[in-house]
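Structure file coords-v9.pdb (PDB, C-alpha atoms) follows.
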ATOM      1  CA  MET D 229     -44.993  19.036 -29.832
ATOM      2  CA  ILE D 230     -41.689  20.308 -28.410
ATOM      3  CA  SER D 231     -41.820  17.808 -25.563
ATOM      4  CA  GLU D 232     -42.450  14.982 -28.035
ATOM      5  CA  ILE D 233     -39.416  16.007 -30.108
ATOM      6  CA  ALA D 234     -37.285  16.219 -26.970
ATOM      7  CA  ALA D 235     -38.431  12.768 -25.881
ATOM      8  CA  LEU D 236     -37.628  11.359 -29.341
ATOM      9  CA  PHE D 237     -34.177  12.980 -29.269
ATOM     10  CA  LEU D 238     -33.402  11.512 -25.836
ATOM     11  CA  ALA D 239     -34.568   8.108 -26.966
ATOM     12  CA  LEU D 240     -32.270   8.242 -29.991
ATOM     13  CA  GLN D 241     -29.335   9.243 -27.788
ATOM     14  CA  ALA D 242     -29.891   6.564 -25.134
ATOM     15  CA  PRO D 243     -27.512   3.591 -25.258
ATOM     16  CA  SER D 244     -29.157   0.521 -26.701
ATOM     17  CA  ASP D 245     -27.149  -2.002 -24.746
ATOM     18  CA  PHE D 246     -25.035  -2.316 -21.622
ATOM     19  CA  SER D 247     -22.283  -4.799 -20.907
ATOM     20  CA  PRO D 248     -20.474  -5.734 -17.686
ATOM     21  CA  LEU D 249     -17.715  -3.394 -16.545
ATOM     22  CA  VAL D 250     -14.733  -5.653 -15.853
ATOM     23  CA  VAL D 251     -11.928  -4.086 -13.828
ATOM     24  CA  GLY D 252      -9.867  -7.135 -12.898
ATOM     25  CA  GLU D 253     -10.033 -10.652 -11.586
ATOM     26  CA  SER D 254     -10.405 -12.215  -8.183
ATOM     27  CA  ALA D 255      -9.640 -15.492  -6.450
ATOM     28  CA  ASN D 256     -10.046 -16.829  -2.938
ATOM     29  CA  ALA D 257      -7.238 -18.065  -0.708
ATOM     30  CA  THR D 258      -7.221 -19.405   2.835
ATOM     31  CA  VAL D 259      -4.768 -18.630   5.633
ATOM     32  CA  LEU D 260      -5.234 -18.502   9.412
ATOM     33  CA  ASP D 261      -8.524 -20.380   9.055
ATOM     34  CA  ALA D 262     -10.124 -17.626   6.973
ATOM     35  CA  GLU D 263     -10.939 -17.446   3.270
ATOM     36  CA  ARG D 264     -10.072 -14.110   1.692
ATOM     37  CA  GLU D 265     -10.133 -12.331  -1.652
ATOM     38  CA  ILE D 266      -7.071 -11.817  -3.792
ATOM     39  CA  ASN D 267      -8.049  -8.984  -6.150
ATOM     40  CA  VAL D 268      -5.913  -8.208  -9.200
ATOM     41  CA  VAL D 269      -6.240  -5.217 -11.532
ATOM     42  CA  LEU D 270      -4.017  -5.309 -14.609
ATOM     43  CA  PRO D 271      -2.681  -2.367 -16.644
ATOM     44  CA  SER D 272      -5.026  -1.320 -19.440
ATOM     45  CA  SER D 273      -2.556  -2.455 -22.108
ATOM     46  CA  TYR D 274      -1.772  -5.811 -20.469
ATOM     47  CA  THR D 275      -3.547  -7.964 -23.057
ATOM     48  CA  GLN D 276      -2.209  -5.973 -26.026
ATOM     49  CA  GLU D 277       1.436  -5.699 -24.974
ATOM     50  CA  THR D 278       1.994  -9.410 -24.515
ATOM     51  CA  GLU D 279       5.761  -9.193 -24.006
ATOM     52  CA  ARG D 280       5.823  -6.251 -21.626
ATOM     53  CA  GLN D 281       6.407  -6.674 -17.886
ATOM     54  CA  TRP D 282       5.267  -4.450 -15.023
ATOM     55  CA  PRO D 283       6.024  -3.735 -11.359
ATOM     56  CA  ILE D 284       3.626  -5.346  -8.885
ATOM     57  CA  VAL D 285       2.082  -3.479  -5.943
ATOM     58  CA  ILE D 286       0.771  -5.594  -3.058
ATOM     59  CA  MET D 287      -1.846  -3.657  -1.096
ATOM     60  CA  LEU D 288      -2.827  -4.960   2.346
ATOM     61  CA  ASP D 289      -6.464  -4.537   3.435
ATOM     62  CA  GLY D 290      -7.179  -5.030  -0.265
ATOM     63  CA  GLY D 291     -10.666  -6.565  -0.219
ATOM     64  CA  MET D 292     -13.489  -5.186  -2.372
ATOM     65  CA  GLN D 293     -15.088  -3.839   0.803
ATOM     66  CA  GLN D 294     -11.746  -2.451   1.960
ATOM     67  CA  ASP D 295      -9.187  -0.274   0.159
ATOM     68  CA  VAL D 296      -8.467  -1.964  -3.167
ATOM     69  CA  MET D 297     -10.681   0.178  -5.407
ATOM     70  CA  MET D 298      -9.481   3.394  -3.808
ATOM     71  CA  GLY D 299      -5.908   2.218  -4.262
ATOM     72  CA  VAL D 300      -6.486   1.362  -7.917
ATOM     73  CA  GLY D 301      -8.144   4.721  -8.519
ATOM     74  CA  ILE D 302      -5.250   6.638  -6.971
ATOM     75  CA  HIS D 303      -2.756   4.502  -8.881
ATOM     76  CA  ASN D 304      -4.529   5.204 -12.182
ATOM     77  CA  TRP D 305      -4.656   8.925 -11.398
ATOM     78  CA  ASN D 306      -0.904   8.869 -10.732
ATOM     79  CA  ARG D 307      -0.368   7.030 -14.011
ATOM     80  CA  LEU D 308      -2.397   9.542 -16.019
ATOM     81  CA  TRP D 309      -0.170  12.352 -14.770
ATOM     82  CA  GLY D 310       3.016  10.343 -15.102
ATOM     83  CA  ARG D 311       3.554  10.617 -11.362
ATOM     84  CA  SER D 312       4.450   6.957 -10.860
ATOM     85  CA  LYS D 313       4.928   3.902 -13.029
ATOM     86  CA  GLU D 314       2.082   1.789 -14.304
ATOM     87  CA  ALA D 315       1.818  -1.440 -12.327
ATOM     88  CA  ILE D 316      -0.085  -4.633 -11.663
ATOM     89  CA  TRP D 317      -2.200  -3.992  -8.562
ATOM     90  CA  VAL D 318      -2.867  -6.840  -6.122
ATOM     91  CA  GLY D 319      -5.196  -6.369  -3.152
ATOM     92  CA  ILE D 320      -4.918  -8.876  -0.293
ATOM     93  CA  GLU D 321      -8.058  -8.942   1.851
ATOM     94  CA  THR D 322      -7.676  -9.088   5.616
ATOM     95  CA  LYS D 323     -10.279 -10.662   7.891
ATOM     96  CA  ASP D 324      -8.979 -10.192  11.449
ATOM     97  CA  ARG D 325      -6.529  -7.332  11.022
ATOM     98  CA  GLN D 326      -4.924  -7.473  14.461
ATOM     99  CA  ARG D 327      -4.437 -11.223  14.246
ATOM    100  CA  GLU D 328      -3.015 -11.107  10.730
ATOM    101  CA  LEU D 329      -1.062  -7.853  10.711
ATOM    102  CA  LEU D 330       0.372  -7.491  14.225
ATOM    103  CA  PRO D 331       2.821  -9.528  16.322
ATOM    104  CA  PRO D 332       2.115 -10.566  19.937
ATOM    105  CA  THR D 333       1.878  -7.789  22.490
ATOM    106  CA  ARG D 334       2.930  -7.594  26.124
ATOM    107  CA  ASP D 335       0.574  -4.692  26.760
ATOM    108  CA  ALA D 336      -2.348  -5.882  28.911
ATOM    109  CA  ALA D 337      -4.790  -3.338  27.491
ATOM    110  CA  GLU D 338      -3.978  -4.372  23.922
ATOM    111  CA  GLN D 339      -4.301  -8.053  24.836
ATOM    112  CA  LYS D 340      -7.733  -7.423  26.324
ATOM    113  CA  ARG D 341      -8.968  -5.329  23.390
ATOM    114  CA  TYR D 342      -7.528  -7.604  20.687
ATOM    115  CA  PRO D 343      -7.413 -11.139  22.137
ATOM    116  CA  THR D 344      -6.747 -12.781  18.745
ATOM    117  CA  ALA D 345      -3.814 -10.531  17.833
ATOM    118  CA  GLY D 346      -0.287 -11.725  17.278
ATOM    119  CA  GLN D 347       0.102 -13.956  14.214
ATOM    120  CA  SER D 348       1.657 -11.590  11.694
ATOM    121  CA  ASP D 349       4.574 -13.995  11.255
ATOM    122  CA  ILE D 350       2.237 -16.683   9.903
ATOM    123  CA  PHE D 351       0.459 -14.236   7.620
ATOM    124  CA  ARG D 352       3.823 -12.929   6.359
ATOM    125  CA  ALA D 353       5.139 -16.423   5.649
ATOM    126  CA  TRP D 354       1.975 -17.193   3.672
ATOM    127  CA  LEU D 355       2.252 -13.938   1.723
ATOM    128  CA  VAL D 356       5.946 -14.387   0.910
ATOM    129  CA  ASP D 357       6.153 -18.140   0.428
ATOM    130  CA  THR D 358       2.748 -18.905  -1.112
ATOM    131  CA  MET D 359       1.109 -15.828  -2.634
ATOM    132  CA  LEU D 360       4.099 -14.069  -4.187
ATOM    133  CA  PRO D 361       5.220 -17.169  -6.146
ATOM    134  CA  LEU D 362       1.650 -17.715  -7.379
ATOM    135  CA  ILE D 363       1.366 -14.087  -8.484
ATOM    136  CA  ALA D 364       4.781 -14.227 -10.161
ATOM    137  CA  ALA D 365       3.807 -17.388 -12.055
ATOM    138  CA  ARG D 366       0.470 -16.014 -13.272
ATOM    139  CA  TYR D 367       1.300 -12.395 -14.140
ATOM    140  CA  ARG D 368       4.070 -10.708 -16.091
ATOM    141  CA  GLY D 369       5.944  -8.923 -13.337
ATOM    142  CA  ASN D 370       9.303  -7.285 -14.000
ATOM    143  CA  GLY D 371      10.837  -8.368 -10.699
ATOM    144  CA  GLU D 372       9.838  -5.238  -8.762
ATOM    145  CA  VAL D 373       7.341  -5.981  -5.965
ATOM    146  CA  TYR D 374       6.203  -3.279  -3.539
ATOM    147  CA  LEU D 375       4.308  -3.675  -0.242
ATOM    148  CA  VAL D 376       1.874  -0.957   0.843
ATOM    149  CA  GLY D 377      -0.159  -0.650   4.056
ATOM    150  CA  GLU D 378      -1.661   1.821   6.503
ATOM    151  CA  SER D 379      -2.218   1.785  10.284
ATOM    152  CA  ALA D 380      -1.969  -1.856  11.481
ATOM    153  CA  ALA D 381      -1.028  -2.797   7.925
ATOM    154  CA  GLY D 382       1.644  -0.108   8.132
ATOM    155  CA  HIS D 383       3.078  -1.870  11.173
ATOM    156  CA  PHE D 384       3.104  -5.090   9.135
ATOM    157  CA  VAL D 385       4.974  -3.277   6.366
ATOM    158  CA  VAL D 386       7.657  -1.978   8.752
ATOM    159  CA  GLU D 387       7.922  -5.360  10.480
ATOM    160  CA  THR D 388       8.351  -7.063   7.101
ATOM    161  CA  TRP D 389      10.976  -4.492   6.081
ATOM    162  CA  ALA D 390      12.813  -5.007   9.386
ATOM    163  CA  SER D 391      12.694  -8.789   9.020
ATOM    164  CA  GLY D 392      15.380  -8.573   6.348
ATOM    165  CA  THR D 393      13.381 -10.397   3.677
ATOM    166  CA  HIS D 394      14.356  -9.724   0.080
ATOM    167  CA  ALA D 395      10.867 -10.533  -1.190
ATOM    168  CA  PHE D 396       9.991  -6.868  -1.761
ATOM    169  CA  SER D 397      11.723  -4.122  -3.713
ATOM    170  CA  GLY D 398      10.325  -1.338  -1.539
ATOM    171  CA  TYR D 399       7.863  -0.525   1.225
ATOM    172  CA  ALA D 400       5.310   2.155   2.091
ATOM    173  CA  ALA D 401       4.107   2.372   5.708
ATOM    174  CA  ILE D 402       1.461   5.077   6.032
ATOM    175  CA  SER D 403       0.642   6.074   9.633
ATOM    176  CA  PRO D 404       1.964   2.745  10.973
ATOM    177  CA  SER D 405       0.711   1.654  14.389
ATOM    178  CA  LEU D 406       4.139   1.675  16.019
ATOM    179  CA  GLN D 407       2.653   2.147  19.484
ATOM    180  CA  TRP D 408       1.899  -1.604  19.415
ATOM    181  CA  ASP D 409       3.568  -3.781  22.048
ATOM    182  CA  GLU D 410       5.146  -0.887  23.922
ATOM    183  CA  GLN D 411       6.745   0.399  20.690
ATOM    184  CA  SER D 412       8.875  -2.740  20.523
ATOM    185  CA  LEU D 413       9.310  -2.687  16.740
ATOM    186  CA  SER D 414      10.901   0.770  16.649
ATOM    187  CA  ARG D 415      13.085  -0.137  19.632
ATOM    188  CA  THR D 416      14.289  -3.266  17.826
ATOM    189  CA  VAL D 417      15.006  -1.435  14.579
ATOM    190  CA  ALA D 418      16.954   1.239  16.458
ATOM    191  CA  GLY D 419      19.463  -1.383  17.526
ATOM    192  CA  GLN D 420      19.968  -3.491  14.431
ATOM    193  CA  GLU D 421      21.271  -3.416  10.880
ATOM    194  CA  VAL D 422      18.262  -2.504   8.757
ATOM    195  CA  ASN D 423      16.972  -3.641   5.381
ATOM    196  CA  ASP D 424      18.469  -1.650   2.516
ATOM    197  CA  ALA D 425      15.247  -1.679   0.457
ATOM    198  CA  PRO D 426      13.577   1.756   0.048
ATOM    199  CA  LEU D 427      11.088   2.697   2.778
ATOM    200  CA  TYR D 428       8.418   5.405   2.710
ATOM    201  CA  ILE D 429       6.993   6.234   6.141
ATOM    202  CA  SER D 430       4.573   8.949   7.218
ATOM    203  CA  LEU D 431       3.054  10.488  10.319
ATOM    204  CA  ALA D 432      -0.322  12.267  10.447
ATOM    205  CA  ASP D 433      -2.005  13.574  13.613
ATOM    206  CA  GLU D 434      -1.155  10.437  15.598
ATOM    207  CA  GLY D 435       0.263  11.547  18.895
ATOM    208  CA  GLY D 436       1.494   9.837  22.019
ATOM    209  CA  LEU D 437       3.108   6.429  21.708
ATOM    210  CA  THR D 438       2.413   6.154  17.983
ATOM    211  CA  ARG D 439       4.286   9.374  17.284
ATOM    212  CA  GLU D 440       7.119   8.329  19.583
ATOM    213  CA  GLY D 441       7.502   4.992  17.851
ATOM    214  CA  ILE D 442       7.493   6.479  14.344
ATOM    215  CA  LEU D 443      10.003   9.187  15.234
ATOM    216  CA  ARG D 444      12.282   6.667  16.956
ATOM    217  CA  LEU D 445      12.244   4.549  13.817
ATOM    218  CA  VAL D 446      13.028   7.553  11.616
ATOM    219  CA  ASP D 447      15.891   8.564  13.910
ATOM    220  CA  ALA D 448      17.397   5.103  13.424
ATOM    221  CA  LEU D 449      17.319   5.137   9.611
ATOM    222  CA  PRO D 450      20.778   5.536   8.053
ATOM    223  CA  LYS D 451      21.444   8.462   5.730
ATOM    224  CA  ASP D 452      23.176   6.260   3.176
ATOM    225  CA  GLN D 453      20.018   4.259   2.392
ATOM    226  CA  ARG D 454      16.974   5.368   0.411
ATOM    227  CA  TRP D 455      14.026   6.359   2.598
ATOM    228  CA  CYS D 456      11.519   9.193   2.877
ATOM    229  CA  PHE D 457       9.736  10.447   5.990
ATOM    230  CA  SER D 458       6.691  12.615   5.324
ATOM    231  CA  ASP D 459       5.611  14.497   8.447
ATOM    232  CA  ARG D 460       1.979  15.584   7.966
ATOM    233  CA  ARG D 461       0.944  16.311  11.540
ATOM    234  CA  GLU D 462      -0.296  19.749  10.470
ATOM    235  CA  ASP D 463      -2.129  18.534   7.362
ATOM    236  CA  LEU D 464      -3.731  15.135   7.870
ATOM    237  CA  VAL D 465      -5.467  12.975  10.452
ATOM    238  CA  HIS D 466      -5.217   9.213  10.825
ATOM    239  CA  ALA D 467      -8.514   8.662   8.994
ATOM    240  CA  ASN D 468      -7.417  10.347   5.768
ATOM    241  CA  SER D 469      -3.678   9.675   5.749
ATOM    242  CA  LEU D 470      -3.960   6.789   3.277
ATOM    243  CA  HIS D 471      -6.096   8.852   0.899
ATOM    244  CA  GLY D 472      -3.761  11.809   1.151
ATOM    245  CA  LEU D 473      -0.390  10.079   0.987
ATOM    246  CA  LEU D 474      -0.744   7.001  -1.208
ATOM    247  CA  PRO D 475      -0.084   9.122  -4.342
ATOM    248  CA  GLU D 476       3.153  10.371  -2.809
ATOM    249  CA  ALA D 477       4.158   6.911  -1.594
ATOM    250  CA  LEU D 478       3.760   5.487  -5.105
ATOM    251  CA  GLN D 479       5.770   8.382  -6.522
ATOM    252  CA  PHE D 480       8.570   7.524  -4.097
ATOM    253  CA  LEU D 481       8.520   3.786  -4.789
ATOM    254  CA  MET D 482       8.030   3.937  -8.563
ATOM    255  CA  PRO D 483       9.361   7.300  -9.802
ATOM    256  CA  THR D 484       9.210   8.388 -13.423
ATOM    257  CA  PRO D 485      11.351  10.869 -15.403
ATOM    258  CA  ALA D 486       8.354  13.183 -15.889
ATOM    259  CA  TYR D 487       9.673  16.760 -15.817
ATOM    260  CA  TRP D 488       6.327  18.520 -15.324
ATOM    261  CA  LEU D 489       5.350  17.103 -11.926
ATOM    262  CA  GLU D 490       6.545  20.008  -9.781
ATOM    263  CA  GLU D 491       4.729  22.475 -12.036
ATOM    264  CA  TYR D 492       1.443  20.761 -11.193
ATOM    265  CA  GLY D 493       2.158  20.355  -7.499
ATOM    266  CA  PHE D 494       3.071  16.673  -7.568
ATOM    267  CA  VAL D 495       6.023  17.060  -5.255
ATOM    268  CA  LEU D 496       7.557  14.247  -3.241
ATOM    269  CA  ARG D 497       7.733  15.766   0.220
ATOM    270  CA  CYS D 498      10.428  14.232   2.383
ATOM    271  CA  ASP D 499      10.739  16.192   5.612
ATOM    272  CA  ARG D 500      13.637  13.900   6.377
ATOM    273  CA  GLN D 501      15.251  11.493   3.983
ATOM    274  CA  GLY D 502      18.029   9.110   3.191
ATOM    275  CA  LEU D 503      20.230   8.917   0.151
ATOM    276  CA  ALA D 504      18.568   9.761  -3.170
ATOM    277  CA  ALA D 505      15.040   9.749  -1.759
ATOM    278  CA  ASP D 506      14.043  12.325  -4.334
TER     279      ASP D 506
END

Target encoding structure tokens, full file:
Amino acid sequence: MISEIAALFLALQAPSDFSPLVVGESANATVLDAEREINVVLPSSYTQETERQWPIVIMLDGGMQQDVMMGVGIHNWNRLWGRSKEAIWVGIETKDRQRELLPPTRDAAEQKRYPTAGQSDIFRAWLVDTMLPLIAARYRGNGEVYLVGESAAGHFVVETWASGTHAFSGYAAISPSLQWDEQSLSRTVAGQEVNDAPLYISLADEGGLTREGILRLVDALPKDQRWCFSDRREDLVHANSLHGLLPEALQFLMPTPAYWLEEYGFVLRCDRQGLAAD
């Protein structure tokens, strides 16, 4: 009798209907002979607040089988705590990461391992000249556009920042692969006038040429520009640097006036920094 009552109770509590869980929208675009997803997740109040505008975050490696859902989850967690601004999240899928995200290399070992690498300039031109205008026309952005990437995508972020483009309001390069092409990107930046847009850059357990390239870049950053270097060699490894530092990177790029963040441990850690990084 008791089991029958329990079964009846569970039946009464069970949902009678399920509906699709919609988290965003997706389209396909083609560049470098490959079709890829463009995944967009809008703020929860987007359809209600029809006059409001939001920042836009462009996440590289943003396919459904890549990092987009993790990025959206971290972004929403930040938003719930008031750690960073609410934003429109755009994931750009990559297909051949070395081809799309890295420039040519003179290193014979890299050429042998990644024979298709070296067309980041084409991918960047497509992103800046084709995708950003389409996104701006379709969604209610407020003019702030941020570029986020890790590893090879982090190299792309730094290379885009160093190119002098004004297409982005700020950049986050998490564990960027600055060992690429004999560290040529950090060597170039060290000898030129740099972009004045904010830059977040981090280092995990990457040693050797990667560490050298990142530290050379940081040494070249001027104190009178806004940047943050988070040195996590003691805390993180390359595999979990994106998971561990994306919340901090978003806090740097899109800060809020929330006064309670430090109380809960949401501290922007800049081991070295430029003007007003905090």

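Of the residues under consideration (D:Ser254, D:Trp309, D:Tyr367, D:Met297), D:Trp309 shows the shortest atom-to-atom contact distance to Trp488 in chain D when counting all atoms listed in the file.
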
Next item on the list: Extract, using only C-alpha atoms, all DNA, RNA and protein residues at most 10 Å from range 480-487 of chain D, discarding same-chain residues fewer than 2 positions from it, and format them as a PyMOL selection string.
Entry: chain D and resi 283+285+307+309-315+372-376+397-400+426-428+454-456+474-478+489-491+495-498+505-506

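CA of Ile316 in chain D is found 20.2 Å from CA of Arg352 in chain D.
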
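Picture a line from CA of Ile402 in chain D to CA of Leu270 in chain D; it runs 23.7 Å.
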
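As for CA of Leu260 in chain D and CA of Ile350 in chain D, they are spaced 7.7 Å apart.
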